[in-house]
Amino acid sequence: MNVLQQILYMVSATLFVLGVRFLGSPASARRGNALLMGGMGVALLTTLVFIPHFSHVALIVLVVAIGSAIGVVSARRVQMTAMPQMVALFNGLGGGAAALVAAGGTAPSGLADWLARLTMILGSVSFGGSLIAFLKLQEWLNVRPRYFLGLRVAGLVMLAMAVIDGLAGHASGSPALSVLLMLMAAVTGALLTLPIGGADMPVVISLLNGLTGLSAAATGFVLDNPLLIIAGTLVGASGTILTQQMSRAMHRSLGNVIWGQKVVESEGGGSGGPVQPITPEDVAMLLRYARKVVIVPGYGLAVARAQMEVKQVTDLLHGFGVDVLFGIHPVAGRMPGHMNVLLAEANIDYDQLWEMERINPRFRETDVVLVIGANDVTNPAARTQVGSPLYGMPILNVDHAGHVIVLKRSMGRGFAGVDNPLYGDPKTRMLFGDAKHSLGALVRELEGTA
Amino acid sequence: MNVLQQILYMVSATLFVLGVRFLGSPASARRGNALLMGGMGVALLTTLVFIPHFSHVALIVLVVAIGSAIGVVSARRVQMTAMPQMVALFNGLGGGAAALVAAGGTAPSGLADWLARLTMILGSVSFGGSLIAFLKLQEWLNVRPRYFLGLRVAGLVMLAMAVIDGLAGHASGSPALSVLLMLMAAVTGALLTLPIGGADMPVVISLLNGLTGLSAAATGFVLDNPLLIIAGTLVGASGTILTQQMSRAMHRSLGNVIWGQKVVESEGGGSGGPVQPITPEDVAMLLRYARKVVIVPGYGLAVARAQMEVKQVTDLLHGFGVDVLFGIHPVAGRMPGHMNVLLAEANIDYDQLWEMERINPRFRETDVVLVIGANDVTNPAARTQVGSPLYGMPILNVDHAGHVIVLKRSMGRGFAGVDNPLYGDPKTRMLFGDAKHSLGALVRELEGTA
Amino acid sequence: MSPIAELYIFVMAVLAGFQVIAKVPSILHTPLMSATNAIHGIILVGALILALSIHSGAGLVIALLAVFFATINLVGGFVVTDRILGMFRSEREVGPKS
Amino acid sequence: MSPIAELYIFVMAVLAGFQVIAKVPSILHTPLMSATNAIHGIILVGALILALSIHSGAGLVIALLAVFFATINLVGGFVVTDRILGMFRSEREVGPKS
Ligand SMILES: NC(=O)c1ccc[n+]([C@@H]2O[C@H](COP(=O)([O-])OP(=O)(O)OC[C@H]3O[C@@H](n4cnc5c(N)ncnc54)[C@H](OP(=O)(O)O)[C@@H]3O)[C@@H](O)[C@H]2O)c1
Ligand SMILES: NC(=O)c1ccc[n+]([C@@H]2O[C@H](COP(=O)([O-])OP(=O)(O)OC[C@H]3O[C@@H](n4cnc5c(N)ncnc54)[C@H](OP(=O)(O)O)[C@@H]3O)[C@@H](O)[C@H]2O)c1
């Protein structure tokens with residue numbers, strides 16, 4: 001490879017590292033993304049300028065144009081609530097591309113051929129797994145728990161076969177075996193992802209993201225391209241760290257997330273006492289004369305897109321001299337940091353967003369907690385009900401507060417699919433309805449009392 | 001180079017990076033140092049195991065033994081107050097070694113030969129500069145300010161000559177020119193360091209430390225040894241960051257530190273009002289009935305080795321219900337973080353050590369400030385006296401407190417060599433004497449009143 | 001470039017990568033996830049090299065498919081990231097607090 | 001190893017190095033300075049390779065001098081660092097606060 005080309009690739013790699021560095025603070029995050037795009041631009045231009053021969057240019061330009069159009073349109077159109085499945089889909093395509101590049105290239109040395117086969121497996125597993133994650137999150141696919149064990153065993157068997165195929169393919173060099181290898185690996189990914197519960201999906205997506213990164217890095221070894229190695233490794237590191245942090249926030253081991261835990265079907269648990277509804281008028285009264293209020297947002301807030309109404313409520317309460325804070329659970333929503341993105345959109349001050357460890361001791365001295373579309377992250381079963389899928393996950397202890405108001409549409413369950421005894425707590429009142437609508441009513445009531 | 005050898009060197013490089021990582025928190029710092037030593041052990045063993053031929057083994061073992069003995073003994077014997085010059089000396093030897101290795105090796109390719117010459121210059125500059133830093137800090141050497149400009153000009157001329165010699169030597173390959181090159185570069189380092197004021201020396205040492213690191217990295221390029229590249233770069237990065245942070249803390253640019261600023265000899269400024277001494281008895285009274293006390297330690301505390309007495313005073317005051325904090329200036333003492341090391345030795349809680357930005361607003365509500373062997377870092381001239389060498393440096397605003405008690409031996413000046421108007425402030429009382437002795441008296445008084 | 005050199009680069013990338021990513025606060029984990037998702041679109045470099053240099057029919061289909069997938073990954077990933085970060089924008093315009 | 005590979009390693013070392021060092025709090029800057037001072041004693045590796053493989057007289061003197069200097073740097077640097085860190089020890093034995 002040309003020296004100048006190598007140096008330009010190095011510039012690109014440096015831009016990637018610095019870009020991620022700048023992503024590390026809200027003030028510079030956009031600049032970080034610009035650096036990443038710059039790095040990508042340098043990499044692509046360098047590749048095109050230094051390529052020795054050009055065949056099928058028209059065809060390739062066409063494919064790139066169609067791909068870009070699809071990418072832009074789908075990324076623009078997707079709703080914020082569907083972001084996780086979008087990321088999963090893009091990730092799967094990246095993994096597929098890595099596998100195909102490894103399959104299509106001619107790997108000269110023995111070592112490179114081994115790595116090419118590894119890439120085919122990693123990339124295809126990521127492809128298959130991501131597609132299933134997408135379908136499940138999109139709720140186009142549902143699997144009965146009684147098939148789980150079978151699927152997992154089949155997945156492992158398939159993986160073993162793919163590995164054997166890889167060994168055989170390395171010896172014979174047959175292209176047919178390579179295609180078979182990728183198919184089997186993709187099926188492996190799909191089978192292993194199928195039984196994973198929706199609530200665990202973000203962890204799996206982050207894991208698959210890291211896997212795609214590693215397969216890109218492995219492709220770098222195959223193609224002798226240090227830029228791919230560095231960029232892929234960066235993604236691998238990010239996947240590893242995010243996966244770890246999410247598992248820890250859910251108080252589960254990674255193995256437990258992937259292999260699943262024994263779910264004791266505790267249908268009978270119920271919600272304890274009778275459910276007590278409340279009117280927006282009464283909620284407004286309660287809030288207006290409270291001293292300390294904590295708002296706990298959850299996935300439902302994202303669905304309702306009610307962040308602006310939350311901001312209005314907060315401002316009104318501040319006007320009454322009420323002390324308002326937000327309690328942010330690390331896995332509230334569907335992606336890490338989901339609630340922060342949402343509330344930032346509504347211009348809510350970072351200083352008001354308190355993390356779980358920090359807010360939990362304060363609930364005892366809180367007069368009213370407003371739970372907006374959050375469910376699992378407030379479920380006291382996580383503390384008490386051994387055998388519940390949530391058991392052991394640290395939660396926001398909203399039930400320690402004086403009053404708990406829950407805004408949701410129905411008695412529907414959260415992502416983990418279990419009942420929430422909080423709703424039967426004598427302290428709790430339910431304000432049923434779409435969060436945007438309920439909060440709107442609340443704003444009018446609060447303005448009326450002003 | 002053998003693949004196994006390369007991999008072992010890679011392990012060593014990883015240990016270095018992780019070691020520095022662990023140095024980043026007090027709880028793991030010792031483990032970090034152990035990792036660094038482990039990395040060094042792996043590197044040295046690997047080198048010896050894979051060397052192709054052994055000549056002069058006995059001689060080398062002897063030299064290593066003598067060198068180790070000197071290293072251990074001098075490092076053990078040195079007083080904590082003389083640590084900076086010790087580091088300077090070791091650093092200079094490292095730079096000298098790098099230059100010699102570059103000179104002694106046979107550099108085959110053109111690029112490597114250029115780098116070898118660069119290393120000879122960098123390493124020798126570091127050698128010469130560090131030796132002078134050592135001599136000046138040890139106070140074995142002193143230079144009149146009127147020679148400063150001449151020294152600096154001569155240093156630059158010498159540097160230019162060394163560079164020309166480097167160009168000529170590259171062309172001719174003559175060993176004599178190499179020796180001359182190193183001599184001239186060493187003299188350059190010495191000449192440029194001679195005029196630098198004692199107070200700026202720690203910055204220079206850190207800079208020279210980085211320079212030695214870079215020359216080790218350059219040697220790595222010459223010898224085709226990635227371990228040297230990584231380890232050297234790590235040191236280079238550390239030198240750069242520490243130098244920057246120290247300059248910033250002194251509110252000076254690096255260029256200003258090296259080239260020096262115009263010192264307006266303001267002998268006449270004096271100390272303002274008359275100096276008022278105080279007895280330990282009165283100090284004890286003042287402290288005992290204060291609500292908030294801040295202790296400001298400085299270099300004199302290190303000289304007096306009075307940290308244990310400080311701890312005793314703190315404990316006694318806590319016993320009386322007095323709120324005691326420490327105000328730590330970033331360049332108090334003679335090395336970055338010097339005061340923290342010292343107070344940690346006396347088991348003083350980290351939480352009590354407040355950094356400058358944090359403690360400064362508190363002085364207004366502080367009843368008594370106890371300045372122990374600090375001078376420059378409390379000098380209000382830094383705020384008011386344009387032209388003073390300290391002007392512009394952020395200081396601890398002890399003069400905002402109700403009472404200021406200064407413990408020092410005499411009216412002697414601080415490191416920057418300027419008078420301190422604080423001592424003439426009507427609020428200030430001087431407790432003259434060695435800090436250990438004065439604090440001992442204070443302890444007895446406080447115990448007496450208990 | 002020798003495999004051992006690439007191994008060194010990989011190890012250093014691991015060390016730099018973990019450092020740099022561990023520093024990202026959880027507030028920014030959503031954009032981090034989607035930005036790193038875009039970064040592995042770098043595989044487009046490999047796909048382009050393959051597609052531009054290949055001759056055979058079956059190989060070409062594989063290469064074009066790789067280009068197609070990688071392009072969607074790359075372009076879509078960056079657009080999504082930019083959208084997410086756009087939500088932080090108003091926050092920045094207000095200026096830093098505290 | 002090719003110069004370009006070494007350049008890559010250097011750049012990655014710069015990126016990793018700055019990250020890792022910027023994380024060290026100012027409390028620990030004294031041990032950091034003395035530890036990195038010890039690290040460049042790694043030049044002993046180069047000095048030993050030189051000394052063990054050289055034949056000529058003048059070259060040998062240079063090599064031995066390099067070994068001598070590098071050894072003092074390395075050994076002394078680590079001993080000093082350990083002494084400084086020793087002062088933090090009692091703090092650790094007391095156990096972490098807060
Ligand atoms: N954030 C992450 O990174 C991450 C990662 C892994 C797993 N997870 C999982 O995701 C879950 C997050 O918990 P969560 O408490 O935020 O959400 P949740 O448990 O999924 O509950 C969301 C609730 O919002 C309500 N809701 C939906 N649309 C609404 C609307 N328009 N208006 C009002 N309410 C609405 C739903 O009840 P109704 O249908 O009755 O309205 C539902 O019970 C956890 O199980 C967590 O483990 C998240
Ligand atoms: N820490 C760093 O990293 C660093 C870096 C660069 C520069 N510096 C420079 O170093 C200086 C540090 O300021 P500083 O306020 O800590 O120290 P300082 O200005 O050097 O003053 C120390 C004072 O301690 C007194 N003293 C000496 N021995 C004593 C003893 N045994 N008992 C009692 N008092 C004693 C001396 O006065 P007597 O002789 O009257 O007793 C002297 O005035 C600054 O100028 C700073 O710029 C430090």
# chains A, B, ... in the order shown; residues from 1 in each chain; ligands from 1

$ residues_around --residues "Glu6 of chain C" --least-positions-apart "5" --cutoff "8 Å" --atoms "only C-alpha atoms" --output "number ranges by chain"
A: 221, 224, 226, 229; C: 1; D: 5

$ write_last_selection --atoms "all heavy atoms" --output "mmCIF file, in the first residue's frame"
data_model
loop_
_atom_site.group_PDB
_atom_site.id
_atom_site.type_symbol
_atom_site.label_atom_id
_atom_site.label_comp_id
_atom_site.auth_asym_id
_atom_site.auth_seq_id
_atom_site.Cartn_x
_atom_site.Cartn_y
_atom_site.Cartn_z
ATOM 1 N N PHE A 221 -7.523 -7.070 9.361
ATOM 2 C CA PHE A 221 -6.374 -7.983 9.336
ATOM 3 C C PHE A 221 -6.308 -8.700 7.988
ATOM 4 O O PHE A 221 -5.245 -8.837 7.391
ATOM 5 C CB PHE A 221 -6.488 -9.022 10.452
ATOM 6 C CG PHE A 221 -6.024 -8.520 11.795
ATOM 7 C CD1 PHE A 221 -6.926 -8.119 12.755
ATOM 8 C CD2 PHE A 221 -4.677 -8.458 12.094
ATOM 9 C CE1 PHE A 221 -6.501 -7.660 13.994
ATOM 10 C CE2 PHE A 221 -4.232 -8.003 13.331
ATOM 11 C CZ PHE A 221 -5.147 -7.599 14.282
ATOM 12 N N ASP A 224 -5.289 -6.330 5.321
ATOM 13 C CA ASP A 224 -4.058 -5.601 5.613
ATOM 14 C C ASP A 224 -4.337 -4.106 5.716
ATOM 15 O O ASP A 224 -3.577 -3.287 5.205
ATOM 16 C CB ASP A 224 -3.070 -5.821 4.467
ATOM 17 C CG ASP A 224 -1.735 -6.282 5.002
ATOM 18 O OD1 ASP A 224 -1.650 -6.448 6.235
ATOM 19 O OD2 ASP A 224 -0.812 -6.472 4.207
ATOM 20 N N PRO A 226 -4.958 -1.147 8.355
ATOM 21 C CA PRO A 226 -4.964 -0.759 9.774
ATOM 22 C C PRO A 226 -6.151 0.115 10.162
ATOM 23 O O PRO A 226 -6.586 0.086 11.306
ATOM 24 C CB PRO A 226 -3.645 -0.009 9.944
ATOM 25 C CG PRO A 226 -3.190 0.330 8.572
ATOM 26 C CD PRO A 226 -3.757 -0.687 7.654
ATOM 27 N N ILE A 229 -8.894 -1.973 11.266
ATOM 28 C CA ILE A 229 -8.579 -2.546 12.582
ATOM 29 C C ILE A 229 -8.918 -1.544 13.677
ATOM 30 O O ILE A 229 -9.609 -1.870 14.654
ATOM 31 C CB ILE A 229 -7.082 -2.928 12.671
ATOM 32 C CG1 ILE A 229 -6.751 -3.991 11.623
ATOM 33 C CG2 ILE A 229 -6.742 -3.425 14.061
ATOM 34 C CD1 ILE A 229 -5.304 -4.422 11.642
ATOM 35 N N MET C 1 1.979 -4.618 5.608
ATOM 36 C CA MET C 1 2.199 -4.491 7.060
ATOM 37 C C MET C 1 2.186 -5.882 7.683
ATOM 38 O O MET C 1 1.311 -6.692 7.383
ATOM 39 C CB MET C 1 1.082 -3.629 7.645
ATOM 40 C CG MET C 1 1.511 -2.852 8.845
ATOM 41 S SD MET C 1 0.220 -1.707 9.352
ATOM 42 C CE MET C 1 0.669 -0.243 8.407
ATOM 43 N N ALA D 5 4.138 1.233 9.874
ATOM 44 C CA ALA D 5 3.498 0.503 10.970
ATOM 45 C C ALA D 5 3.909 1.129 12.293
ATOM 46 O O ALA D 5 3.087 1.308 13.202
ATOM 47 C CB ALA D 5 3.915 -0.965 10.929
#

$ interface_residues --of "chain D" --to "chain C" --cutoff "12 Å" --atoms "only C-alpha atoms" --output "PDB file with N, CA and C atoms, in the first residue's frame"
ATOM      1  N   MET D   1       9.685  -4.496  11.099  1.00  0.00           N
ATOM      2  CA  MET D   1       8.432  -3.741  11.102  1.00  0.00           C
ATOM      3  C   MET D   1       8.610  -2.485  10.241  1.00  0.00           C
ATOM      4  N   SER D   2       7.657  -2.206   9.401  1.00  0.00           N
ATOM      5  CA  SER D   2       7.817  -1.077   8.479  1.00  0.00           C
ATOM      6  C   SER D   2       7.687   0.240   9.239  1.00  0.00           C
ATOM      7  N   PRO D   3       8.360   1.291   8.746  1.00  0.00           N
ATOM      8  CA  PRO D   3       8.259   2.600   9.412  1.00  0.00           C
ATOM      9  C   PRO D   3       6.805   3.045   9.529  1.00  0.00           C
ATOM     10  N   ILE D   4       6.001   2.760   8.513  1.00  0.00           N
ATOM     11  CA  ILE D   4       4.621   3.232   8.555  1.00  0.00           C
ATOM     12  C   ILE D   4       3.855   2.521   9.685  1.00  0.00           C
ATOM     13  N   ALA D   5       4.138   1.233   9.874  1.00  0.00           N
ATOM     14  CA  ALA D   5       3.498   0.503  10.970  1.00  0.00           C
ATOM     15  C   ALA D   5       3.909   1.129  12.293  1.00  0.00           C
ATOM     16  N   GLU D   6       5.183   1.489  12.389  1.00  0.00           N
ATOM     17  CA  GLU D   6       5.648   2.107  13.634  1.00  0.00           C
ATOM     18  C   GLU D   6       5.014   3.468  13.842  1.00  0.00           C
ATOM     19  N   LEU D   7       4.774   4.168  12.744  1.00  0.00           N
ATOM     20  CA  LEU D   7       4.103   5.460  12.859  1.00  0.00           C
ATOM     21  C   LEU D   7       2.685   5.265  13.403  1.00  0.00           C
ATOM     22  N   TYR D   8       1.999   4.249  12.895  1.00  0.00           N
ATOM     23  CA  TYR D   8       0.671   3.929  13.418  1.00  0.00           C
ATOM     24  C   TYR D   8       0.732   3.645  14.917  1.00  0.00           C
ATOM     25  N   ILE D   9       1.706   2.830  15.299  1.00  0.00           N
ATOM     26  CA  ILE D   9       1.822   2.478  16.717  1.00  0.00           C
ATOM     27  C   ILE D   9       2.075   3.728  17.540  1.00  0.00           C
ATOM     28  N   PHE D  10       2.909   4.599  17.007  1.00  0.00           N
ATOM     29  CA  PHE D  10       3.211   5.853  17.699  1.00  0.00           C
ATOM     30  C   PHE D  10       1.943   6.684  17.881  1.00  0.00           C
ATOM     31  N   VAL D  11       1.187   6.846  16.793  1.00  0.00           N
ATOM     32  CA  VAL D  11      -0.024   7.672  16.878  1.00  0.00           C
ATOM     33  C   VAL D  11      -1.021   7.069  17.879  1.00  0.00           C
ATOM     34  N   MET D  12      -1.190   5.765  17.823  1.00  0.00           N
ATOM     35  CA  MET D  12      -2.117   5.148  18.768  1.00  0.00           C
ATOM     36  C   MET D  12      -1.599   5.300  20.199  1.00  0.00           C
ATOM     37  N   ALA D  13      -0.273   5.231  20.358  1.00  0.00           N
ATOM     38  CA  ALA D  13       0.296   5.413  21.698  1.00  0.00           C
ATOM     39  C   ALA D  13       0.055   6.831  22.186  1.00  0.00           C
ATOM     40  N   VAL D  14       0.149   7.800  21.280  1.00  0.00           N
ATOM     41  CA  VAL D  14      -0.153   9.187  21.669  1.00  0.00           C
ATOM     42  C   VAL D  14      -1.597   9.279  22.149  1.00  0.00           C
ATOM     43  N   LEU D  15      -2.526   8.707  21.372  1.00  0.00           N
ATOM     44  CA  LEU D  15      -3.938   8.795  21.725  1.00  0.00           C
ATOM     45  C   LEU D  15      -4.212   8.100  23.057  1.00  0.00           C
ATOM     46  N   ALA D  16      -3.675   6.887  23.205  1.00  0.00           N
ATOM     47  CA  ALA D  16      -3.905   6.157  24.456  1.00  0.00           C
ATOM     48  C   ALA D  16      -3.217   6.872  25.610  1.00  0.00           C
ATOM     49  N   GLY D  17      -1.996   7.348  25.363  1.00  0.00           N
ATOM     50  CA  GLY D  17      -1.212   7.987  26.415  1.00  0.00           C
ATOM     51  C   GLY D  17      -1.879   9.236  26.956  1.00  0.00           C
ATOM     52  N   PHE D  18      -2.331  10.097  26.073  1.00  0.00           N
ATOM     53  CA  PHE D  18      -2.959  11.325  26.549  1.00  0.00           C
ATOM     54  C   PHE D  18      -4.214  11.018  27.358  1.00  0.00           C
ATOM     55  N   GLN D  19      -4.999  10.066  26.875  1.00  0.00           N
ATOM     56  CA  GLN D  19      -6.205   9.687  27.607  1.00  0.00           C
ATOM     57  C   GLN D  19      -5.873   9.255  29.018  1.00  0.00           C
ATOM     58  N   VAL D  20      -4.914   8.331  29.084  1.00  0.00           N
ATOM     59  CA  VAL D  20      -4.659   7.660  30.350  1.00  0.00           C
ATOM     60  C   VAL D  20      -4.029   8.640  31.338  1.00  0.00           C
ATOM     61  N   ILE D  21      -3.214   9.537  30.831  1.00  0.00           N
ATOM     62  CA  ILE D  21      -2.528  10.451  31.739  1.00  0.00           C
ATOM     63  C   ILE D  21      -3.420  11.604  32.162  1.00  0.00           C
ATOM     64  N   ALA D  22      -4.298  12.042  31.246  1.00  0.00           N
ATOM     65  CA  ALA D  22      -5.190  13.139  31.617  1.00  0.00           C
ATOM     66  C   ALA D  22      -6.104  12.712  32.765  1.00  0.00           C
ATOM     67  N   LYS D  23      -6.247  11.394  32.955  1.00  0.00           N
ATOM     68  CA  LYS D  23      -7.148  10.904  33.992  1.00  0.00           C
ATOM     69  C   LYS D  23      -6.528  10.938  35.386  1.00  0.00           C
TER      70      LYS D  23
END

$ interface_residues --of "chain D" --to "chain B" --cutoff "7 Å" --atoms "only C-alpha atoms" --output "ChimeraX atom specification"
/D:1,6,10,13-14,17-18,20-21,23-30,32,34,36-37,39-43,45-47,50,52-53,59,62-64,66-73,75-77,79-80,85,87-88,90-92

$ closest_atom_pairs --of "chain B" --to "ligand 2" --cutoff "8 Å" --atoms "only C-alpha atoms and all ligand atoms" --output "CSV"
residue,atom,partner,partner_atom_place_in_ligand_line,distance
B:Gly198,CA,ligand 2,7 (C),7.4
B:Ala199,CA,ligand 2,9 (C),4.1
B:Asp200,CA,ligand 2,7 (C),4.7
B:Met201,CA,ligand 2,6 (C),6.0
B:Pro202,CA,ligand 2,5 (C),4.6
B:Val203,CA,ligand 2,6 (C),5.5
B:Met246,CA,ligand 2,5 (C),6.1
B:Ser247,CA,ligand 2,6 (C),7.8
B:Met250,CA,ligand 2,47 (O),6.2
B:Pro297,CA,ligand 2,16 (O),6.9
B:Gly298,CA,ligand 2,16 (O),3.4
B:Tyr299,CA,ligand 2,16 (O),4.0
B:Gly300,CA,ligand 2,24 (O),3.4
B:Leu301,CA,ligand 2,32 (N),6.1
B:Ala302,CA,ligand 2,31 (N),7.6
B:Val303,CA,ligand 2,31 (N),4.9
B:Ala304,CA,ligand 2,31 (N),3.8
B:Arg305,CA,ligand 2,31 (N),7.6
B:His329,CA,ligand 2,16 (O),7.8
B:Pro330,CA,ligand 2,1 (N),6.4
B:Val331,CA,ligand 2,1 (N),3.4
B:Ala332,CA,ligand 2,16 (O),3.5
B:Gly333,CA,ligand 2,16 (O),4.0
B:Arg334,CA,ligand 2,1 (N),3.9
B:Met335,CA,ligand 2,3 (O),3.5
B:Pro336,CA,ligand 2,3 (O),3.5
B:Gly337,CA,ligand 2,1 (N),6.5
B:His338,CA,ligand 2,1 (N),6.0
B:Ile372,CA,ligand 2,33 (C),6.5
B:Gly373,CA,ligand 2,24 (O),3.6
B:Ala374,CA,ligand 2,15 (O),3.5
B:Asn375,CA,ligand 2,15 (O),3.7
B:Asp376,CA,ligand 2,19 (O),3.7
B:Val377,CA,ligand 2,15 (O),4.3
B:Thr378,CA,ligand 2,15 (O),6.4
B:Leu390,CA,ligand 2,45 (O),7.8
B:Leu407,CA,ligand 2,33 (C),5.8
B:Lys408,CA,ligand 2,34 (N),3.5
B:Arg409,CA,ligand 2,41 (O),3.6
B:Ser410,CA,ligand 2,40 (O),3.5
B:Met411,CA,ligand 2,40 (O),4.6
B:Gly412,CA,ligand 2,40 (O),3.7
B:Arg413,CA,ligand 2,43 (O),4.6
B:Gly414,CA,ligand 2,19 (O),3.4
B:Phe415,CA,ligand 2,20 (O),3.8
B:Ala416,CA,ligand 2,45 (O),4.7
B:Gly417,CA,ligand 2,19 (O),8.0
B:Phe432,CA,ligand 2,33 (C),7.8
B:Gly433,CA,ligand 2,33 (C),6.2
B:Asp434,CA,ligand 2,32 (N),3.7
B:Ala435,CA,ligand 2,32 (N),3.7
B:Lys436,CA,ligand 2,32 (N),6.6

$ select_by_dssp --residues "chain C" --states "alpha helix (DSSP H)" --output "PyMOL selection string"
chain C and resi 3-22+29-39+43-53+57-94

$ residues_around --residues "Ala381 of chain B" --least-positions-apart "6" --cutoff "12 Å" --atoms "only C-alpha atoms" --output "ChimeraX atom specification"
/B:266,269-272,375,387-397,399,416,418-423

$ residues_around --residues "segment 307-314 of chain A" --least-positions-apart "3" --cutoff "6 Å" --atoms "only C-alpha atoms" --output "number ranges by chain"
A: 317, 346, 439, 443
